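Down below is the structure, laid out as structure tokens.
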Amino acid sequence: MQIDRLLLEGFRNYDSQQLTFDGSCNVIYGENAQGKTNLLEAIVYLSCGRSPRTHADRELIGFDRDRARLVGHIQAREREFETEILLNRGRRRKMTVNGVAAKNGGDLSQVLHTVFFSPEDLFLIREGAAARRRFMDMSLCQLRPRYAEALAEYGRLYEHKTRILRDSDEYPQLLDTLPDFNHRLCQVGAVLISYRARYVQALAVHAQRAHWECSGEREELALTYQTVKTVEDPLGPVQDIAGALEEHQARHYQAELASRLCLSGPHKDDIAVTVNGLEARHFCSQGQVRTAALSLKLADREIHKNAIGEYPVMLLDDVLSELDPRRQEYVLNRIAGGQVFITCCENDRLDALLSGRVYHIREGRVL
């Protein structure tokens with residue numbers, strides 16, 4: 001799986017740029033704020049219709065532009081694809097794959113898979129639960145189209161319920177609609193939990209191995225999926241999970257009315273990470289935390305390969321400069337075998353990276 005060519009028009013700081021990529025390694029260098037990360041962001045967006053940096057599509061359009069266009073020529077499953085996305089201010093985006101309209105990001109993910117790793121991800125373990133949920137969501141939306149649909153529906157239901165709770169004092173009749181929203185939230189939430197539990201189960205196996213190797217076989221990493229307490233078996237039947245969610249919702253009904261907040265559901269899920277039995281978020285050193293974050297990303301890459309039979313495109317955004325030489329070497333050895341994009345600053349030693357093409361980016365242009 002690889003992206004051969006990319007066309008950007010009006011995307012972020014790119015006016016009009018076409019690039020052809022190497023099938024193995026592509027090194028993109030330049031000073032800060034020149035467009036290196038924007039280039040990787042465009043590739044991620046072509047893979048799932050979601051940005052790893054923003055939730056608002058309008059932010060992807062250049063400041064002085066009304067529209068943006070992304071076109072990717074992709075090889076996957078021994079076939080060639082052309083994915084095109086048009087973004088317009090004030091209008092819905094248009095997405096096509098080989099000229100056929102794509103309904104959502106799930107259609108894009110059937111063509112291209114990516115794993116994006118930025119310096120911020122090195123703090124994935126120390127951050128709050130929301131960061132680890134985003135990590136799960138970005139991966140699962142590519143792996144499972146049904147998950148992407150369920151996540152979008154859950155988000156809409158959650159927003160509706162929040163408005164009902166917020167406005168219920170002024171409009172008490174809104175509470176009459178709450179049971180229907182609660183029921184559907186439990187049904188859709190159960191789908192999310194089921195996928196997440198299986199994903200973390202697979203992630204734990206690959207991440208444990210990666211962390212063990214990267215730490216010189218001195219540290220053991222363990223991952224545990226955490227969800228609503230009434231869900232005793234998140235790997236069980238979806239119907240049972242939905243019933244457990246309804247039980248939890250009923251217990252928190254009065255508290256939700258009092259706080260005007262949604263207190264029950266998988267929007268509070270998390271992944272507990274331990275190293276040698278200690279909670280990594282609070283008790284591990286900076287080096288251990290970084291190794292754990294590396295292990296999660298490398299494990300995610302292995303999950304994608306097992307699911308689709310090919311390595312996904314790996315995108316390393318200025319990560320190597322944040323790692324010590326031992327971890328740099330480990331990452332570079334582990335990512336061999338698929339297409340890789342690496343961004344770095346001008347003063348980095350390019351000859352220390354993998355062989356392939358080198359691009360110099362300045363002000364949204366390839367020199």
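Just so we're on the same page: first chain in the structure tokens is A, next is B, and so on; residues restart at 1 for each chain, and ligands are numbered from 1 in the order they show up.
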Within 10 Å of region 171-178 of chain A, counting only C-alpha atoms, which residues show up once you throw out same-chain ones fewer than 6 positions away? Write them as a short mmCIF file (atom, residue, chain, number, x, y, z; two decimals) with all heavy atoms, in the first residue's frame, please.
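Okay, around-v5.cif is ready:
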data_model
loop_
_atom_site.label_atom_id
_atom_site.label_comp_id
_atom_site.auth_asym_id
_atom_site.auth_seq_id
_atom_site.Cartn_x
_atom_site.Cartn_y
_atom_site.Cartn_z
N HIS A 160 -27.25 16.16 20.97
CA HIS A 160 -28.69 16.38 21.19
C HIS A 160 -29.04 16.22 22.67
O HIS A 160 -29.77 17.05 23.23
CB HIS A 160 -29.50 15.39 20.35
CG HIS A 160 -29.66 15.80 18.92
ND1 HIS A 160 -30.31 16.96 18.55
CD2 HIS A 160 -29.27 15.21 17.76
CE1 HIS A 160 -30.30 17.07 17.23
NE2 HIS A 160 -29.68 16.01 16.73
N LYS A 161 -28.53 15.17 23.28
CA LYS A 161 -28.84 14.93 24.69
C LYS A 161 -28.28 16.06 25.56
O LYS A 161 -28.95 16.50 26.51
CB LYS A 161 -28.27 13.59 25.14
CG LYS A 161 -28.57 13.29 26.62
CD LYS A 161 -28.06 11.93 27.05
CE LYS A 161 -28.31 11.71 28.53
NZ LYS A 161 -27.86 10.39 29.00
N ARG A 163 -27.90 19.16 24.73
CA ARG A 163 -28.77 20.34 24.58
C ARG A 163 -30.06 20.17 25.36
O ARG A 163 -30.59 21.12 25.95
CB ARG A 163 -29.05 20.59 23.10
CG ARG A 163 -27.88 21.19 22.34
CD ARG A 163 -28.32 21.84 21.05
NE ARG A 163 -28.84 20.85 20.11
CZ ARG A 163 -28.10 20.22 19.21
NH1 ARG A 163 -26.80 20.47 19.13
NH2 ARG A 163 -28.64 19.35 18.38
N ILE A 164 -30.59 18.94 25.36
CA ILE A 164 -31.82 18.68 26.12
C ILE A 164 -31.59 18.93 27.60
O ILE A 164 -32.39 19.61 28.27
CB ILE A 164 -32.30 17.23 25.87
CG1 ILE A 164 -32.81 17.07 24.45
CG2 ILE A 164 -33.40 16.85 26.87
CD1 ILE A 164 -33.09 15.63 24.07
N LEU A 165 -30.50 18.38 28.13
CA LEU A 165 -30.20 18.57 29.55
C LEU A 165 -29.94 20.04 29.87
O LEU A 165 -30.39 20.56 30.90
CB LEU A 165 -28.98 17.73 29.94
CG LEU A 165 -29.18 16.21 29.91
CD1 LEU A 165 -27.84 15.50 30.09
CD2 LEU A 165 -30.16 15.76 30.99
N LEU A 257 -29.54 15.09 35.38
CA LEU A 257 -30.48 16.21 35.41
C LEU A 257 -29.92 17.35 36.26
O LEU A 257 -30.05 18.54 35.90
CB LEU A 257 -31.83 15.76 35.97
CG LEU A 257 -32.65 14.79 35.12
CD1 LEU A 257 -33.97 14.47 35.82
CD2 LEU A 257 -32.91 15.37 33.74
#
Nearby residues (only C-alpha atoms) at most 9 Å from Leu245 (chain A), same-chain spacing under 6 positions excluded, as a PDB file with N, CA and C atoms, in the first residue's frame:
ATOM      1  N   LEU A 185     -28.566   5.911  22.369  1.00  0.00           N
ATOM      2  CA  LEU A 185     -27.185   6.079  22.816  1.00  0.00           C
ATOM      3  C   LEU A 185     -26.606   4.771  23.340  1.00  0.00           C
ATOM      4  N   CYS A 186     -27.402   4.005  24.060  1.00  0.00           N
ATOM      5  CA  CYS A 186     -26.941   2.713  24.581  1.00  0.00           C
ATOM      6  C   CYS A 186     -26.691   1.719  23.456  1.00  0.00           C
ATOM      7  N   GLN A 187     -27.578   1.712  22.450  1.00  0.00           N
ATOM      8  CA  GLN A 187     -27.398   0.788  21.330  1.00  0.00           C
ATOM      9  C   GLN A 187     -26.123   1.101  20.553  1.00  0.00           C
ATOM     10  N   GLY A 189     -23.620   3.087  21.561  1.00  0.00           N
ATOM     11  CA  GLY A 189     -22.480   3.013  22.469  1.00  0.00           C
ATOM     12  C   GLY A 189     -21.976   1.600  22.634  1.00  0.00           C
ATOM     13  N   ALA A 190     -22.875   0.630  22.619  1.00  0.00           N
ATOM     14  CA  ALA A 190     -22.470  -0.769  22.752  1.00  0.00           C
ATOM     15  C   ALA A 190     -21.620  -1.208  21.561  1.00  0.00           C
ATOM     16  N   VAL A 228     -17.581   1.773  30.914  1.00  0.00           N
ATOM     17  CA  VAL A 228     -18.618   1.915  31.938  1.00  0.00           C
ATOM     18  C   VAL A 228     -18.573   0.726  32.899  1.00  0.00           C
ATOM     19  N   LYS A 229     -18.657   0.997  34.197  1.00  0.00           N
ATOM     20  CA  LYS A 229     -18.452  -0.040  35.213  1.00  0.00           C
ATOM     21  C   LYS A 229     -19.457  -1.182  35.141  1.00  0.00           C
ATOM     22  N   THR A 230     -20.674  -0.920  34.707  1.00  0.00           N
ATOM     23  CA  THR A 230     -21.680  -1.984  34.652  1.00  0.00           C
ATOM     24  C   THR A 230     -21.414  -2.972  33.515  1.00  0.00           C
ATOM     25  N   VAL A 231     -20.536  -2.607  32.581  1.00  0.00           N
ATOM     26  CA  VAL A 231     -20.187  -3.512  31.471  1.00  0.00           C
ATOM     27  C   VAL A 231     -19.102  -4.460  31.980  1.00  0.00           C
ATOM     28  N   SER A 264     -22.905   9.272  31.596  1.00  0.00           N
ATOM     29  CA  SER A 264     -22.857   7.830  31.373  1.00  0.00           C
ATOM     30  C   SER A 264     -22.662   7.534  29.898  1.00  0.00           C
ATOM     31  N   GLY A 265     -21.687   6.668  29.591  1.00  0.00           N
ATOM     32  CA  GLY A 265     -21.488   6.267  28.204  1.00  0.00           C
ATOM     33  C   GLY A 265     -20.028   6.118  27.843  1.00  0.00           C
ATOM     34  N   PRO A 266     -19.742   5.569  26.663  1.00  0.00           N
ATOM     35  CA  PRO A 266     -18.360   5.316  26.241  1.00  0.00           C
ATOM     36  C   PRO A 266     -17.580   6.574  25.881  1.00  0.00           C
TER      37      PRO A 266
END
Non-local contacts of region 291-300 of chain A (6 Å; only C-alpha atoms; under 3 positions in same chain excluded) as a PDB file with all heavy atoms, in the first residue's frame:
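The resulting part16.pdb:
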ATOM      1  N   LEU A 122       4.041  11.499  21.797  1.00  0.00           N
ATOM      2  CA  LEU A 122       4.972  11.006  22.805  1.00  0.00           C
ATOM      3  C   LEU A 122       4.437  11.250  24.215  1.00  0.00           C
ATOM      4  O   LEU A 122       4.899  10.646  25.181  1.00  0.00           O
ATOM      5  CB  LEU A 122       6.342  11.669  22.631  1.00  0.00           C
ATOM      6  CG  LEU A 122       7.123  11.233  21.380  1.00  0.00           C
ATOM      7  CD1 LEU A 122       8.337  12.125  21.164  1.00  0.00           C
ATOM      8  CD2 LEU A 122       7.550   9.779  21.485  1.00  0.00           C
ATOM      9  N   LEU A 203      -4.100  -4.694  20.418  1.00  0.00           N
ATOM     10  CA  LEU A 203      -3.056  -3.691  20.631  1.00  0.00           C
ATOM     11  C   LEU A 203      -2.123  -4.111  21.763  1.00  0.00           C
ATOM     12  O   LEU A 203      -0.905  -3.926  21.682  1.00  0.00           O
ATOM     13  CB  LEU A 203      -3.707  -2.348  20.945  1.00  0.00           C
ATOM     14  CG  LEU A 203      -2.803  -1.117  20.974  1.00  0.00           C
ATOM     15  CD1 LEU A 203      -2.403  -0.715  19.558  1.00  0.00           C
ATOM     16  CD2 LEU A 203      -3.516   0.053  21.662  1.00  0.00           C
ATOM     17  N   HIS A 206       0.684  -6.684  20.625  1.00  0.00           N
ATOM     18  CA  HIS A 206       1.769  -6.123  19.810  1.00  0.00           C
ATOM     19  C   HIS A 206       2.564  -5.082  20.589  1.00  0.00           C
ATOM     20  O   HIS A 206       3.792  -5.006  20.450  1.00  0.00           O
ATOM     21  CB  HIS A 206       1.189  -5.501  18.540  1.00  0.00           C
ATOM     22  CG  HIS A 206       0.551  -6.483  17.614  1.00  0.00           C
ATOM     23  ND1 HIS A 206       1.280  -7.439  16.939  1.00  0.00           N
ATOM     24  CD2 HIS A 206      -0.748  -6.666  17.259  1.00  0.00           C
ATOM     25  CE1 HIS A 206       0.459  -8.172  16.198  1.00  0.00           C
ATOM     26  NE2 HIS A 206      -0.770  -7.717  16.376  1.00  0.00           N
ATOM     27  N   ALA A 207       1.883  -4.260  21.394  1.00  0.00           N
ATOM     28  CA  ALA A 207       2.574  -3.211  22.144  1.00  0.00           C
ATOM     29  C   ALA A 207       3.481  -3.806  23.216  1.00  0.00           C
ATOM     30  O   ALA A 207       4.573  -3.286  23.474  1.00  0.00           O
ATOM     31  CB  ALA A 207       1.562  -2.252  22.772  1.00  0.00           C
ATOM     32  N   ALA A 210       6.658  -4.904  21.455  1.00  0.00           N
ATOM     33  CA  ALA A 210       7.471  -3.767  21.025  1.00  0.00           C
ATOM     34  C   ALA A 210       8.171  -3.104  22.210  1.00  0.00           C
ATOM     35  O   ALA A 210       9.355  -2.767  22.145  1.00  0.00           O
ATOM     36  CB  ALA A 210       6.594  -2.752  20.281  1.00  0.00           C
ATOM     37  N   HIS A 211       7.446  -2.925  23.301  1.00  0.00           N
ATOM     38  CA  HIS A 211       8.026  -2.275  24.473  1.00  0.00           C
ATOM     39  C   HIS A 211       9.125  -3.147  25.085  1.00  0.00           C
ATOM     40  O   HIS A 211      10.167  -2.636  25.516  1.00  0.00           O
ATOM     41  CB  HIS A 211       6.937  -1.995  25.508  1.00  0.00           C
ATOM     42  CG  HIS A 211       7.378  -1.097  26.621  1.00  0.00           C
ATOM     43  ND1 HIS A 211       7.105   0.246  26.651  1.00  0.00           N
ATOM     44  CD2 HIS A 211       8.094  -1.345  27.749  1.00  0.00           C
ATOM     45  CE1 HIS A 211       7.627   0.785  27.740  1.00  0.00           C
ATOM     46  NE2 HIS A 211       8.230  -0.166  28.431  1.00  0.00           N
ATOM     47  N   GLN A 288      10.424   5.915  29.873  1.00  0.00           N
ATOM     48  CA  GLN A 288       9.459   4.819  29.847  1.00  0.00           C
ATOM     49  C   GLN A 288       8.162   5.235  29.154  1.00  0.00           C
ATOM     50  O   GLN A 288       7.579   4.463  28.393  1.00  0.00           O
ATOM     51  CB  GLN A 288       9.165   4.359  31.270  1.00  0.00           C
ATOM     52  CG  GLN A 288      10.306   3.610  31.935  1.00  0.00           C
ATOM     53  CD  GLN A 288      10.009   3.304  33.389  1.00  0.00           C
ATOM     54  OE1 GLN A 288       9.527   4.156  34.138  1.00  0.00           O
ATOM     55  NE2 GLN A 288      10.309   2.082  33.798  1.00  0.00           N
ATOM     56  N   ILE A 303      -1.425  -3.977  13.611  1.00  0.00           N
ATOM     57  CA  ILE A 303      -2.847  -4.315  13.537  1.00  0.00           C
ATOM     58  C   ILE A 303      -3.390  -4.023  12.146  1.00  0.00           C
ATOM     59  O   ILE A 303      -4.144  -4.815  11.570  1.00  0.00           O
ATOM     60  CB  ILE A 303      -3.641  -3.552  14.617  1.00  0.00           C
ATOM     61  CG1 ILE A 303      -3.311  -4.116  16.001  1.00  0.00           C
ATOM     62  CG2 ILE A 303      -5.149  -3.635  14.362  1.00  0.00           C
ATOM     63  CD1 ILE A 303      -3.949  -3.342  17.135  1.00  0.00           C
TER      64      ILE A 303
END
Using only C-alpha atoms, which residues sit within 8 Å of Asp22 (chain A) once same-chain residues fewer than 6 positions away are excluded, as a VMD selection string?
chain A and resid 4 339 356 to 357
Out of region 4-113 of chain A, which residues get strand (DSSP E) from DSSP, as a ChimeraX atom specification?
/A:4-11,14-20,25-29,67-76,79-88,91-97,100-101
May I have the residues within 7 Å of region 42-45 of chain A as a PyMOL selection string, using only C-alpha atoms and disregarding those fewer than 5 positions away in the same chain?
chain A and resi 50-51+114
Prev. selection, all heavy atoms, output as a PDB file, in the first residue's frame:
ATOM      1  N   ARG A  50     -10.634  12.488   8.050  1.00  0.00           N
ATOM      2  CA  ARG A  50     -10.471  13.112   9.365  1.00  0.00           C
ATOM      3  C   ARG A  50      -9.049  13.652   9.479  1.00  0.00           C
ATOM      4  O   ARG A  50      -8.107  13.032   9.003  1.00  0.00           O
ATOM      5  CB  ARG A  50     -10.706  12.104  10.499  1.00  0.00           C
ATOM      6  CG  ARG A  50     -12.114  11.570  10.583  1.00  0.00           C
ATOM      7  CD  ARG A  50     -12.181  10.318  11.461  1.00  0.00           C
ATOM      8  NE  ARG A  50     -11.807  10.607  12.838  1.00  0.00           N
ATOM      9  CZ  ARG A  50     -12.677  10.897  13.796  1.00  0.00           C
ATOM     10  NH1 ARG A  50     -13.968  10.953  13.525  1.00  0.00           N
ATOM     11  NH2 ARG A  50     -12.278  11.112  15.049  1.00  0.00           N
ATOM     12  N   SER A  51      -8.924  14.801  10.128  1.00  0.00           N
ATOM     13  CA  SER A  51      -7.610  15.383  10.355  1.00  0.00           C
ATOM     14  C   SER A  51      -7.134  15.021  11.752  1.00  0.00           C
ATOM     15  O   SER A  51      -7.917  15.033  12.700  1.00  0.00           O
ATOM     16  CB  SER A  51      -7.664  16.907  10.229  1.00  0.00           C
ATOM     17  OG  SER A  51      -6.501  17.504  10.777  1.00  0.00           O
ATOM     18  N   THR A 114      -3.391   4.819   7.049  1.00  0.00           N
ATOM     19  CA  THR A 114      -2.208   5.543   7.517  1.00  0.00           C
ATOM     20  C   THR A 114      -2.085   5.412   9.029  1.00  0.00           C
ATOM     21  O   THR A 114      -3.074   5.255   9.737  1.00  0.00           O
ATOM     22  CB  THR A 114      -2.290   7.045   7.171  1.00  0.00           C
ATOM     23  OG1 THR A 114      -3.478   7.603   7.750  1.00  0.00           O
ATOM     24  CG2 THR A 114      -2.284   7.274   5.669  1.00  0.00           C
TER      25      THR A 114
END
List the neighbours of Asn26 (chain A) out to 9 Å using only C-alpha atoms; skip same-chain residues closer than 2 positions along the sequence, and give me the result as an MDAnalysis selection string.
chainID A and resid 21:24 28 339:343 354:359
Residues of region 161-353 of chain A in helix (DSSP H, G or I) according to DSSP, as a PyMOL selection string?
chain A and resi 161-167+172-214+238-251+253-259+266-268+280-283+286-308+320-322+325-334+350-352
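Of the listed residues (A:Ala33, A:Val366, A:Ala202, A:Met1), A:Met1 comes nearest to Tyr311 (chain A); the distances count only C-alpha atoms.
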Pick out the residues sitting within 8 Å of region 136-145 of chain A, and hand them over as an mmCIF file with N, CA and C atoms, in the first residue's frame; count only C-alpha atoms, and ignore anything fewer than 4 positions along from it in its own chain.
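Output (out22.cif):
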data_model
loop_
_atom_site.group_PDB
_atom_site.id
_atom_site.type_symbol
_atom_site.label_atom_id
_atom_site.label_comp_id
_atom_site.auth_asym_id
_atom_site.auth_seq_id
_atom_site.Cartn_x
_atom_site.Cartn_y
_atom_site.Cartn_z
ATOM 1 N N SER A 47 -6.966 9.340 3.771
ATOM 2 C CA SER A 47 -7.153 7.955 4.205
ATOM 3 C C SER A 47 -8.428 7.744 5.019
ATOM 4 N N CYS A 48 -8.991 8.806 5.594
ATOM 5 C CA CYS A 48 -10.143 8.586 6.478
ATOM 6 C C CYS A 48 -11.107 9.765 6.551
ATOM 7 N N ARG A 50 -10.634 12.488 8.050
ATOM 8 C CA ARG A 50 -10.471 13.112 9.365
ATOM 9 C C ARG A 50 -9.049 13.652 9.479
ATOM 10 N N PRO A 52 -5.839 14.701 11.923
ATOM 11 C CA PRO A 52 -5.318 14.436 13.267
ATOM 12 C C PRO A 52 -5.076 15.709 14.069
ATOM 13 N N GLY A 105 -15.908 8.788 5.442
ATOM 14 C CA GLY A 105 -14.502 8.435 5.550
ATOM 15 C C GLY A 105 -14.245 6.947 5.452
ATOM 16 N N GLY A 106 -15.244 6.126 5.786
ATOM 17 C CA GLY A 106 -15.067 4.682 5.689
ATOM 18 C C GLY A 106 -14.784 4.220 4.270
ATOM 19 N N ASP A 107 -15.386 4.902 3.281
ATOM 20 C CA ASP A 107 -15.113 4.557 1.883
ATOM 21 C C ASP A 107 -13.668 4.880 1.508
ATOM 22 N N SER A 109 -11.158 4.806 3.621
ATOM 23 C CA SER A 109 -10.297 3.875 4.349
ATOM 24 C C SER A 109 -10.212 2.504 3.689
ATOM 25 N N GLN A 110 -11.147 2.204 2.815
ATOM 26 C CA GLN A 110 -11.062 0.949 2.086
ATOM 27 C C GLN A 110 -9.962 0.992 1.025
ATOM 28 N N HIS A 113 -4.758 3.268 4.175
ATOM 29 C CA HIS A 113 -4.616 3.279 5.633
ATOM 30 C C HIS A 113 -3.330 4.023 5.989
ATOM 31 N N VAL A 115 -0.850 5.496 9.508
ATOM 32 C CA VAL A 115 -0.568 5.619 10.941
ATOM 33 C C VAL A 115 0.274 6.879 11.100
ATOM 34 N N ARG A 132 -6.292 9.308 24.410
ATOM 35 C CA ARG A 132 -6.248 7.878 24.087
ATOM 36 C C ARG A 132 -7.524 7.443 23.353
ATOM 37 N N GLU A 149 -19.214 4.933 11.251
ATOM 38 C CA GLU A 149 -20.620 5.338 11.201
ATOM 39 C C GLU A 149 -21.208 5.437 12.607
ATOM 40 N N TYR A 195 -16.117 -2.811 19.572
ATOM 41 C CA TYR A 195 -14.956 -2.634 18.686
ATOM 42 C C TYR A 195 -13.722 -2.218 19.474
ATOM 43 N N ARG A 196 -13.896 -1.289 20.397
ATOM 44 C CA ARG A 196 -12.748 -0.797 21.162
ATOM 45 C C ARG A 196 -12.119 -1.901 21.992
ATOM 46 N N TYR A 199 -10.088 -4.101 19.782
ATOM 47 C CA TYR A 199 -8.906 -3.384 19.304
ATOM 48 C C TYR A 199 -7.827 -3.331 20.387
ATOM 49 N N ASP A 300 -0.119 -0.350 16.528
ATOM 50 C CA ASP A 300 -1.217 0.048 15.647
ATOM 51 C C ASP A 300 -0.880 -0.286 14.197
ATOM 52 N N HIS A 304 -3.006 -2.884 11.584
ATOM 53 C CA HIS A 304 -3.463 -2.540 10.235
ATOM 54 C C HIS A 304 -2.940 -3.550 9.218
ATOM 55 N N ALA A 307 -4.885 -6.679 9.388
ATOM 56 C CA ALA A 307 -6.273 -6.520 8.932
ATOM 57 C C ALA A 307 -6.382 -6.436 7.417
#
Given the choices A:Cys345, A:Leu315, A:Ala150, A:Ala130, which gets closest to Glu41 (chain A) if the distance is worked out from only C-alpha atoms?
A:Leu315
Out of A:Phe116, A:Phe181, A:Phe135, A:Tyr14, which residue has the shortest atom-to-atom distance to Arg156 (chain A) when counting only C-alpha atoms?
A:Phe181
Residue with the minimum atom-to-atom distance to Phe117 (chain A), picked from A:Glu80, A:Val205, A:Ala336, A:Val331 with only C-alpha atoms counted, is A:Val331
